[in-house]
$ cat my_file_33.cif   # mmCIF, C-alpha atoms
data_upload
#
loop_
_atom_site.label_atom_id
_atom_site.label_comp_id
_atom_site.auth_asym_id
_atom_site.auth_seq_id
_atom_site.Cartn_x
_atom_site.Cartn_y
_atom_site.Cartn_z
CA MET U 153 -8.41 -2.49 -35.32
CA LYS U 154 -6.90 -5.81 -36.40
CA HIS U 155 -5.10 -6.20 -33.05
CA ILE U 156 -8.34 -5.47 -31.17
CA GLU U 157 -10.21 -8.13 -33.20
CA GLU U 158 -7.44 -10.69 -32.56
CA ALA U 159 -7.54 -9.95 -28.83
CA ALA U 160 -11.33 -10.34 -28.82
CA ASP U 161 -11.06 -13.68 -30.67
CA PHE U 162 -8.53 -14.97 -28.14
CA THR U 163 -10.65 -13.89 -25.14
CA ALA U 164 -13.69 -15.63 -26.58
CA SER U 165 -11.77 -18.86 -27.28
CA TYR U 166 -10.26 -19.67 -23.91
CA PRO U 167 -11.71 -22.68 -22.01
CA VAL U 168 -14.02 -21.95 -19.08
CA PHE U 169 -14.13 -23.96 -15.85
CA THR U 170 -17.74 -25.12 -15.58
CA PRO U 171 -19.46 -26.35 -12.38
CA ALA U 172 -19.44 -29.90 -13.78
CA MET U 173 -15.62 -29.83 -13.94
CA LYS U 174 -15.46 -29.66 -10.15
CA ALA U 175 -15.94 -33.44 -10.08
CA THR U 176 -13.74 -34.29 -13.06
CA HIS U 177 -10.76 -31.89 -13.07
CA THR U 178 -7.59 -31.70 -11.01
CA ILE U 179 -6.66 -28.09 -10.23
CA LEU U 180 -2.92 -27.32 -10.13
CA ILE U 181 -1.55 -24.58 -7.86
CA PRO U 182 2.01 -23.19 -8.11
CA ASP U 183 4.15 -23.71 -5.03
CA MET U 184 4.80 -20.69 -2.81
CA LEU U 185 4.30 -21.38 0.90
CA PRO U 186 4.38 -25.18 1.36
CA TRP U 187 2.99 -25.32 4.89
CA HIS U 188 0.41 -22.59 4.43
CA PHE U 189 -0.67 -24.15 1.14
CA ASP U 190 -1.07 -27.54 2.79
CA LEU U 191 -3.76 -26.01 5.01
CA LEU U 192 -5.31 -23.89 2.26
CA VAL U 193 -5.51 -26.86 -0.10
CA HIS U 194 -7.21 -28.86 2.65
CA VAL U 195 -9.93 -26.20 2.87
CA LEU U 196 -10.41 -26.24 -0.92
CA ARG U 197 -10.60 -30.04 -0.97
CA ARG U 198 -13.13 -29.87 1.82
CA ALA U 199 -15.18 -27.59 -0.46
CA GLY U 200 -15.18 -30.36 -3.09
CA TYR U 201 -12.31 -29.30 -5.34
CA ARG U 202 -9.56 -31.69 -6.42
CA VAL U 203 -6.51 -29.53 -5.79
CA GLU U 204 -2.79 -30.30 -5.98
CA VAL U 205 0.20 -28.07 -5.20
CA LEU U 206 3.08 -28.36 -7.67
CA HIS U 207 6.57 -29.02 -6.32
CA ASN U 208 8.46 -29.46 -9.60
CA GLU U 209 11.45 -27.18 -9.96
CA GLY U 210 14.88 -26.99 -11.58
CA ARG U 211 16.21 -25.58 -14.82
CA ALA U 212 13.51 -27.31 -16.88
CA VAL U 213 10.84 -25.20 -15.17
CA ILE U 214 12.72 -21.96 -15.84
CA ASP U 215 13.34 -22.95 -19.47
CA GLU U 216 9.63 -23.63 -20.02
CA GLY U 217 8.87 -20.22 -18.56
CA LEU U 218 11.39 -18.56 -20.87
CA LYS U 219 9.91 -20.40 -23.83
CA HIS U 220 6.35 -19.18 -23.18
CA VAL U 221 6.78 -15.76 -21.52
CA HIS U 222 8.33 -12.62 -22.99
CA ASN U 223 11.73 -12.06 -21.38
CA ASP U 224 10.68 -8.61 -20.19
CA THR U 225 7.95 -10.17 -18.04
CA CYS U 226 8.62 -10.46 -14.32
CA PHE U 227 10.48 -13.47 -12.95
CA PRO U 228 7.56 -14.72 -10.76
CA ALA U 229 5.33 -14.97 -13.85
CA LEU U 230 8.05 -16.94 -15.61
CA CYS U 231 8.38 -19.35 -12.66
CA VAL U 232 4.63 -19.90 -12.26
CA ILE U 233 3.94 -20.46 -15.96
CA GLY U 234 7.04 -22.62 -16.31
CA GLN U 235 5.88 -24.77 -13.40
CA TYR U 236 2.45 -25.25 -15.01
CA ILE U 237 3.80 -26.19 -18.43
CA ASP U 238 6.51 -28.47 -17.03
CA ALA U 239 3.95 -30.30 -14.87
CA LEU U 240 1.54 -30.75 -17.78
CA LYS U 241 4.37 -32.11 -19.94
CA SER U 242 5.37 -34.62 -17.27
CA GLY U 243 2.58 -37.01 -18.25
CA LYS U 244 1.26 -37.10 -14.70
CA TYR U 245 -1.85 -35.09 -15.56
CA ASP U 246 -4.49 -35.50 -18.24
CA PRO U 247 -4.77 -32.09 -19.97
CA GLU U 248 -8.41 -32.81 -20.79
CA HIS U 249 -9.19 -33.09 -17.07
CA THR U 250 -6.80 -30.53 -15.58
CA ALA U 251 -7.15 -26.85 -14.70
CA VAL U 252 -4.72 -24.33 -13.16
CA LEU U 253 -5.39 -21.81 -10.41
CA ILE U 254 -3.82 -18.42 -9.67
CA THR U 255 -4.66 -15.86 -6.99
CA GLN U 256 -5.49 -12.26 -7.93
CA SER U 257 -5.16 -9.42 -5.45
CA GLY U 258 -6.94 -6.84 -7.60
CA GLY U 259 -4.00 -4.45 -7.75
CA GLY U 260 -2.28 -3.09 -10.83
CA CYS U 261 0.59 -5.57 -10.74
CA ARG U 262 1.16 -9.17 -11.82
CA ALA U 263 -1.26 -10.53 -9.20
CA SER U 264 -4.09 -9.26 -11.41
CA ASN U 265 -2.51 -9.61 -14.85
CA TYR U 266 -1.12 -13.14 -14.88
CA ILE U 267 -4.23 -14.80 -16.25
CA PRO U 268 -3.91 -13.52 -19.86
CA LEU U 269 -0.24 -14.56 -19.84
CA ILE U 270 -1.09 -18.03 -18.51
CA ARG U 271 -3.89 -18.47 -21.06
CA LYS U 272 -1.62 -17.47 -23.92
CA ALA U 273 1.05 -19.97 -22.79
CA LEU U 274 -1.45 -22.79 -22.33
CA LYS U 275 -3.12 -22.14 -25.68
CA ALA U 276 0.20 -22.88 -27.40
CA GLU U 277 0.46 -26.43 -26.03
CA PHE U 278 -2.51 -27.30 -23.80
CA PRO U 279 -5.52 -25.39 -25.18
CA ALA U 280 -8.09 -27.44 -23.24
CA VAL U 281 -6.75 -26.42 -19.81
CA PRO U 282 -8.86 -23.68 -18.15
CA VAL U 283 -7.40 -21.01 -15.85
CA LEU U 284 -9.18 -20.36 -12.55
CA SER U 285 -8.94 -17.32 -10.29
CA LEU U 286 -9.09 -17.07 -6.50
CA ASN U 287 -9.71 -13.46 -5.57
CA PHE U 288 -11.71 -11.15 -3.33
CA SER U 289 -12.02 -8.33 -5.86
CA GLY U 290 -14.74 -9.56 -8.21
CA LEU U 291 -12.29 -10.42 -11.01
CA GLU U 292 -12.91 -13.32 -13.43
CA LYS U 293 -16.49 -13.70 -12.22
CA GLY U 294 -17.29 -16.41 -14.72
CA ASN U 295 -14.12 -18.40 -14.12
CA SER U 296 -13.41 -18.31 -10.40
CA LEU U 297 -13.72 -20.75 -7.54
CA ARG U 298 -17.17 -20.89 -5.99
CA LEU U 299 -16.70 -20.85 -2.25
CA SER U 300 -19.10 -20.25 0.62
CA ALA U 301 -18.66 -17.65 3.35
CA ALA U 302 -17.65 -20.48 5.71
CA ASP U 303 -14.97 -21.59 3.23
CA PHE U 304 -13.49 -18.07 3.07
CA LEU U 305 -13.56 -17.97 6.87
CA ARG U 306 -11.64 -21.23 7.03
CA LEU U 307 -9.12 -19.92 4.49
CA ALA U 308 -8.47 -16.92 6.76
CA TYR U 309 -7.94 -19.13 9.78
CA ALA U 310 -5.70 -21.44 7.74
CA ILE U 311 -3.47 -18.44 6.96
CA PHE U 312 -3.31 -17.45 10.64
CA TYR U 313 -2.38 -21.00 11.65
CA GLY U 314 0.16 -21.24 8.80
CA ASP U 315 1.78 -17.97 9.89
CA LEU U 316 2.05 -19.16 13.49
CA ILE U 317 3.49 -22.56 12.53
CA MET U 318 6.02 -20.93 10.17
CA THR U 319 7.10 -18.39 12.78
CA CYS U 320 7.47 -20.93 15.60
CA PHE U 321 9.38 -23.29 13.31
CA ASN U 322 11.82 -20.58 12.20
CA GLN U 323 12.46 -19.61 15.82
CA THR U 324 13.01 -23.23 16.85
CA LYS U 325 14.82 -24.97 13.96
CA PRO U 326 18.18 -23.12 14.31
CA TYR U 327 18.33 -23.96 18.04
CA GLU U 328 16.89 -27.49 18.22
CA LYS U 329 18.84 -29.98 20.33
CA GLU U 330 17.42 -32.97 18.48
CA ALA U 331 17.89 -32.72 14.72
CA GLY U 332 14.59 -32.88 12.89
CA SER U 333 12.43 -32.27 15.95
CA ALA U 334 11.15 -28.88 14.75
CA ALA U 335 10.16 -30.29 11.35
CA ARG U 336 8.38 -33.19 13.04
CA VAL U 337 6.36 -30.88 15.28
CA ARG U 338 5.60 -28.62 12.32
CA ALA U 339 4.12 -31.55 10.39
CA GLN U 340 2.12 -32.64 13.44
CA CYS U 341 0.72 -29.14 13.92
CA VAL U 342 -0.32 -28.93 10.27
CA GLU U 343 -2.25 -32.20 10.55
CA GLN U 344 -3.82 -31.10 13.84
CA MET U 345 -4.95 -27.81 12.29
CA LYS U 346 -6.48 -29.66 9.34
CA ARG U 347 -8.66 -31.60 11.77
CA ALA U 348 -9.45 -28.40 13.64
CA LEU U 349 -10.53 -26.67 10.42
CA ASP U 350 -12.84 -29.59 9.68
CA GLY U 351 -14.41 -29.13 13.08
CA GLY U 352 -14.96 -25.38 12.75
CA ALA U 353 -11.70 -24.11 14.24
CA TYR U 354 -12.93 -20.53 13.97
CA ARG U 355 -14.81 -21.18 17.21
CA ARG U 356 -11.64 -22.34 19.00
CA PHE U 357 -9.08 -19.97 17.52
CA ARG U 358 -7.17 -19.21 20.71
CA ARG U 359 -7.18 -22.86 21.77
CA CYS U 360 -5.73 -23.97 18.43
CA ALA U 361 -3.10 -21.21 18.50
CA LYS U 362 -2.12 -22.17 22.04
CA ASP U 363 -1.77 -25.82 20.98
CA ILE U 364 0.74 -24.77 18.30
CA LEU U 365 2.69 -22.59 20.73
CA ASP U 366 2.72 -25.34 23.38
CA ALA U 367 3.91 -27.97 20.87
CA PHE U 368 6.94 -25.92 19.82
CA SER U 369 7.61 -24.65 23.36
CA ALA U 370 7.95 -28.25 24.54
CA LEU U 371 10.97 -28.84 22.28
CA PRO U 372 14.36 -28.52 24.00
CA VAL U 373 16.51 -25.78 22.45
CA THR U 374 20.03 -24.50 22.91
CA GLY U 375 20.72 -21.14 24.48
CA GLU U 376 23.13 -19.95 21.80
CA LYS U 377 22.71 -16.64 20.02
CA LYS U 378 22.47 -16.67 16.25
CA ILE U 379 22.24 -13.98 13.60
CA ARG U 380 18.66 -13.21 12.66
CA VAL U 381 18.03 -12.41 8.98
CA GLY U 382 14.75 -10.93 7.80
CA ILE U 383 13.35 -11.69 4.35
CA VAL U 384 11.24 -9.04 2.61
CA GLY U 385 10.34 -8.22 -0.98
CA GLU U 386 7.89 -9.19 -3.70
CA ILE U 387 5.49 -11.76 -2.27
CA TYR U 388 6.42 -14.67 -4.56
CA VAL U 389 10.20 -14.46 -4.27
CA LYS U 390 9.88 -13.68 -0.56
CA TYR U 391 8.17 -17.02 0.13
CA SER U 392 8.68 -19.41 -2.80
CA PRO U 393 11.70 -21.77 -2.65
CA LEU U 394 11.63 -21.91 -6.45
CA GLY U 395 11.58 -18.12 -6.74
CA ASN U 396 14.28 -17.37 -4.14
CA SER U 397 16.65 -20.31 -4.69
CA HIS U 398 15.70 -21.90 -1.33
CA LEU U 399 16.74 -18.81 0.59
CA GLU U 400 15.47 -19.99 3.99
CA GLU U 401 17.36 -23.27 3.69
CA PHE U 402 20.52 -21.39 2.74
CA LEU U 403 20.24 -19.09 5.77
CA LEU U 404 19.77 -22.11 8.04
CA SER U 405 22.84 -23.76 6.52
CA GLU U 406 24.80 -20.58 7.33
CA GLY U 407 23.82 -20.84 10.99
CA CYS U 408 21.23 -18.04 10.87
CA GLU U 409 17.64 -17.69 12.02
CA PRO U 410 15.36 -16.72 9.10
CA VAL U 411 12.70 -14.17 10.05
CA VAL U 412 9.86 -14.27 7.52
CA PRO U 413 6.95 -11.81 7.81
CA ALA U 414 3.46 -13.26 8.04
CA LEU U 415 1.36 -13.91 4.94
CA MET U 416 -1.58 -12.29 6.74
CA ASP U 417 0.33 -8.99 6.62
CA PHE U 418 0.00 -9.07 2.84
CA ILE U 419 -3.71 -9.93 3.08
CA LEU U 420 -4.26 -7.00 5.47
CA TYR U 421 -2.20 -4.80 3.15
CA CYS U 422 -4.51 -5.64 0.23
CA VAL U 423 -7.64 -5.11 2.33
CA VAL U 424 -6.58 -1.76 3.78
CA ASN U 425 -5.44 -0.55 0.35
CA THR U 426 -9.02 -0.96 -0.84
CA VAL U 427 -10.17 1.18 2.08
CA ASN U 428 -7.46 3.74 1.26
CA ASP U 429 -8.57 3.84 -2.38
CA ALA U 430 -11.79 5.46 -1.27
CA LYS U 431 -9.91 7.85 1.00
CA PHE U 432 -7.07 8.88 -1.31
CA TYR U 433 -8.43 8.32 -4.81
CA ASN U 434 -12.23 8.53 -4.42
CA LYS U 435 -12.47 4.99 -5.78
CA GLY U 436 -14.71 2.12 -4.66
CA LYS U 437 -16.57 4.07 -2.00
CA ARG U 438 -19.61 1.82 -2.22
CA THR U 439 -17.71 -1.28 -1.07
CA ALA U 440 -14.98 0.31 1.07
CA TRP U 441 -17.05 -0.12 4.23
CA LEU U 442 -17.15 -3.90 3.72
CA PHE U 443 -13.37 -4.03 3.45
CA ALA U 444 -13.12 -1.81 6.54
CA ILE U 445 -15.15 -4.39 8.49
CA ALA U 446 -12.99 -7.23 7.15
CA TYR U 447 -9.86 -5.32 8.11
CA LYS U 448 -11.10 -4.73 11.65
CA TRP U 449 -11.95 -8.41 12.10
CA LEU U 450 -8.67 -9.74 10.65
CA TYR U 451 -6.58 -7.23 12.58
CA GLY U 452 -8.37 -8.18 15.79
CA LYS U 453 -7.49 -11.85 15.25
CA GLN U 454 -3.87 -10.93 14.55
CA LYS U 455 -3.67 -8.95 17.81
CA ALA U 456 -5.09 -11.96 19.67
CA LEU U 457 -2.27 -14.11 18.24
CA ILE U 458 0.33 -11.53 19.24
CA ALA U 459 -1.03 -11.42 22.81
CA LEU U 460 -0.71 -15.22 23.07
CA MET U 461 2.83 -15.20 21.67
CA LYS U 462 3.96 -12.57 24.18
CA LYS U 463 3.27 -15.09 26.94
CA THR U 464 5.78 -17.54 25.43
CA ARG U 465 9.47 -17.52 24.48
CA PHE U 466 8.59 -16.73 20.86
CA ALA U 467 9.05 -13.25 19.40
CA PRO U 468 5.56 -12.17 18.28
CA LEU U 469 4.37 -11.40 14.79
CA HIS U 470 4.50 -7.79 13.67
CA ASP U 471 1.45 -5.78 14.66
CA PHE U 472 -0.03 -4.58 11.35
CA GLY U 473 -1.02 -1.24 12.86
CA HIS U 474 2.63 -0.73 13.77
CA LEU U 475 3.65 -1.68 10.22
CA ARG U 476 1.41 1.08 8.89
CA ARG U 477 3.05 3.58 11.24
CA CYS U 478 6.47 2.39 10.10
CA ALA U 479 5.45 2.93 6.49
CA ASP U 480 4.36 6.48 7.25
CA LYS U 481 7.93 7.29 8.29
CA VAL U 482 9.27 6.27 4.87
CA ILE U 483 6.60 6.39 2.17
CA HIS U 484 2.93 7.32 1.69
CA GLN U 485 0.33 4.55 2.07
CA GLY U 486 -1.06 5.61 -1.29
CA VAL U 487 1.98 3.92 -2.88
CA LYS U 488 0.40 0.50 -3.30
CA MET U 489 1.54 -0.88 -6.65
CA GLY U 490 2.80 -4.43 -6.07
CA GLU U 491 3.95 -4.72 -2.46
CA GLY U 492 4.35 -0.92 -2.33
CA TRP U 493 4.60 0.58 1.15
CA LEU U 494 4.59 -2.85 2.82
CA ILE U 495 8.25 -3.52 1.92
CA PRO U 496 9.81 -0.45 3.64
CA ALA U 497 7.35 -0.96 6.52
CA GLU U 498 8.60 -4.52 7.06
CA MET U 499 12.26 -3.49 6.77
CA THR U 500 11.78 -0.74 9.35
CA ALA U 501 9.82 -2.96 11.74
CA LEU U 502 12.43 -5.73 11.48
CA ALA U 503 15.33 -3.34 12.17
CA GLU U 504 13.49 -1.78 15.12
CA THR U 505 12.87 -5.18 16.73
CA GLY U 506 16.40 -6.57 16.58
CA THR U 507 16.44 -8.15 13.11
CA GLU U 508 18.95 -5.71 11.63
CA ASN U 509 20.14 -7.96 8.82
CA ILE U 510 17.67 -8.04 5.95
CA VAL U 511 17.52 -9.60 2.49
CA CYS U 512 15.29 -7.64 0.11
CA ALA U 513 14.32 -10.16 -2.58
CA GLN U 514 13.90 -8.38 -5.91
CA PRO U 515 12.51 -10.21 -8.95
CA PHE U 516 13.55 -9.20 -12.43
CA GLY U 517 10.88 -7.18 -14.22
CA CYS U 518 9.16 -5.90 -11.06
CA LEU U 519 9.64 -2.13 -11.21
CA PRO U 520 7.40 -1.36 -8.19
CA ASN U 521 9.45 -3.70 -6.01
CA HIS U 522 12.71 -2.03 -7.02
CA ILE U 523 11.27 1.39 -6.22
CA ALA U 524 9.62 0.49 -2.90
CA GLY U 525 12.34 -2.03 -1.97
CA LYS U 526 15.83 -1.05 -3.12
CA GLY U 527 14.73 2.56 -3.55
CA ALA U 528 13.64 2.82 0.09
CA VAL U 529 16.78 1.30 1.65
CA ARG U 530 18.50 4.66 2.22
CA ALA U 531 15.40 6.08 3.95
CA VAL U 532 15.14 3.00 6.18
CA LYS U 533 18.81 3.26 7.11
CA GLY U 534 18.25 6.91 7.97
CA LEU U 535 15.67 5.79 10.53
CA CYS U 536 17.62 2.69 11.61
CA PRO U 537 21.36 3.28 11.07
CA GLN U 538 22.12 -0.22 12.31
CA ALA U 539 20.14 -1.81 9.46
CA ASN U 540 22.27 -4.12 7.30
CA ILE U 541 20.20 -4.52 4.13
CA VAL U 542 21.18 -6.32 0.94
CA PRO U 543 18.92 -6.25 -2.17
CA VAL U 544 19.25 -9.52 -4.10
CA ASP U 545 18.03 -9.88 -7.68
CA TYR U 546 16.28 -13.08 -8.74
CA ASP U 547 15.98 -13.67 -12.47
CA PRO U 548 16.58 -16.44 -15.04
CA SER U 549 20.19 -15.42 -15.71
CA ALA U 550 21.26 -14.88 -12.08
CA THR U 551 23.19 -17.82 -10.69
CA ARG U 552 22.49 -19.15 -7.22
CA VAL U 553 26.20 -18.78 -6.40
CA ASN U 554 26.15 -15.04 -7.11
CA GLN U 555 22.97 -14.59 -5.06
CA GLU U 556 24.40 -16.48 -2.11
CA ASN U 557 27.72 -14.62 -2.33
CA ARG U 558 25.89 -11.31 -1.97
CA ILE U 559 24.12 -12.62 1.12
CA LYS U 560 27.42 -13.96 2.52
CA LEU U 561 28.91 -10.47 2.28
CA MET U 562 25.97 -9.14 4.29
CA LEU U 563 26.45 -11.96 6.83
CA ALA U 564 30.16 -11.17 7.10
CA THR U 565 29.24 -7.64 8.19
CA ALA U 566 26.68 -9.05 10.62
CA LYS U 567 29.22 -11.44 12.17
CA GLU U 568 31.79 -8.69 12.54
CA ARG U 569 29.27 -6.51 14.33
CA ALA U 570 28.37 -9.42 16.62
CA ARG U 571 32.06 -9.92 17.52
CA VAL U 572 32.46 -6.22 18.33
CA GLN U 573 29.34 -6.26 20.53
CA GLU U 574 30.64 -9.31 22.44
CA LYS U 575 33.91 -7.50 23.22
CA GLU U 576 32.20 -4.33 24.40
CA PRO U 577 31.79 -4.11 28.19
CA SER U 578 28.21 -4.54 29.36
#
$ encode --input "my_file_33.cif" --output "structure tokens"
Amino acid sequence: MKHIEEAADFTASYPVFTPAMKATHTILIPDMLPWHFDLLVHVLRRAGYRVEVLHNEGRAVIDEGLKHVHNDTCFPALCVIGQYIDALKSGKYDPEHTAVLITQSGGGCRASNYIPLIRKALKAEFPAVPVLSLNFSGLEKGNSLRLSAADFLRLAYAIFYGDLIMTCFNQTKPYEKEAGSAARVRAQCVEQMKRALDGGAYRRFRRCAKDILDAFSALPVTGEKKIRVGIVGEIYVKYSPLGNSHLEEFLLSEGCEPVVPALMDFILYCVVNTVNDAKFYNKGKRTAWLFAIAYKWLYGKQKALIALMKKTRFAPLHDFGHLRRCADKVIHQGVKMGEGWLIPAEMTALAETGTENIVCAQPFGCLPNHIAGKGAVRAVKGLCPQANIVPVDYDPSATRVNQENRIKLMLATAKERARVQEKEPS
């Protein structure tokens, strides 16, 4: 009873983000996808929020996370909370006029359960800082961002544009003839899409997508063949440079082409899981039809992007319907804790489309990811014997050297296979 009373006291004492704070508070967001977040933050600023993405990293961030989070908690939580605390301690922000924001997917994993951990950490040193939620599941109703339907629409388009820019950049950077040209075009496309979002880009979706494709297509590239390496795993360590020790940069430095699945795949995964809840678990039947409509609309936009990409030199994004069929070969779509069935689906789809070398990023403390990621590797290899998959653990005690050495061993196998294929008669 005492523990219940203490928990109730804590819940009642946390600061709440009031409507008046919209004009006075800076909202901090942990870094994950720099170019996507640049567009998403633009939409939030357009809605009147003062938002800033954190880019602080290094051992100090990890140490702050270890100081405020139990060491059995998952590595992404440690990184996010450490980044918040380190930023607030920097002196750059006034704690009396600062809030922090985290997304919540509504699932049973950390994406729904971070907020109590963040509040507990902040209460120890910055008790006046409120924690905001951005979610589509009705969580934290009294402490979430207030956005209009048009704002949510712009956020969806920002993700589509971010995915396309990321994919075109990754397929151009390793082959650029002029150093820095791909990064320059990427930055230009981001700024162009910001202006497009201001002007209601949802009415000119195909035109905007074609502008991105044309901008990257215009860059001169070499004709050399490089090893393609897919990156899958828990969403934070899959995308965040802080969480995965700058994995994409490392792969580029090794002469590889990073292949990173689209963020919209995860959004579609969350949406369709809500539909499946009604089908498999008799849960949420009253709202499942709304998510079914959202899924149909989002999937239709994704297929439009894929159709445009097929007319260019760029390998298209994965079709989410195909990802679901890939998952069915390995694991049931009812397995949805964390990234669940999406991880083996992405590994299978990558191997089937020529990206046989795959890094499965596994954060410490994420049991679902180890089950659906490392645990599914054998099944994926049974379907795709050519798959060359290496699970890599990311945690506070793992050194970057050890992580990179594991990936280098995978790359050594990939290079040997490439040499054998070159010698084989056509």
$ atom_distance --input "my_file_33.cif" --atom1 "CA of Pro468 in chain U" --atom2 "CA of Ala539 in chain U"
19.9 Å
$ residues_around --input "my_file_33.cif" --residues "Ala550 in chain U" --least-positions-apart "5" --cutoff "12 Å" --atoms "all atoms listed in the file" --output "PyMOL selection string"
chain U and resi 214+227+395-397+514-516+544-545+555-558
$ atom_distance --input "my_file_33.cif" --atom1 "CA of Asp366 in chain U" --atom2 "CA of Cys341 in chain U"
10.4 Å
$ closest_residue --input "my_file_33.cif" --among "U:Val168, U:Ala229, U:Ala308, U:Ala479" --to "Tyr451 in chain U" --atoms "only C-alpha atoms"
U:Ala308
$ residues_around --input "my_file_33.cif" --residues "Ala456 in chain U" --least-positions-apart "6" --cutoff "10 Å" --atoms "all atoms listed in the file" --output "PyMOL selection string"
chain U and resi 357-358+361+450
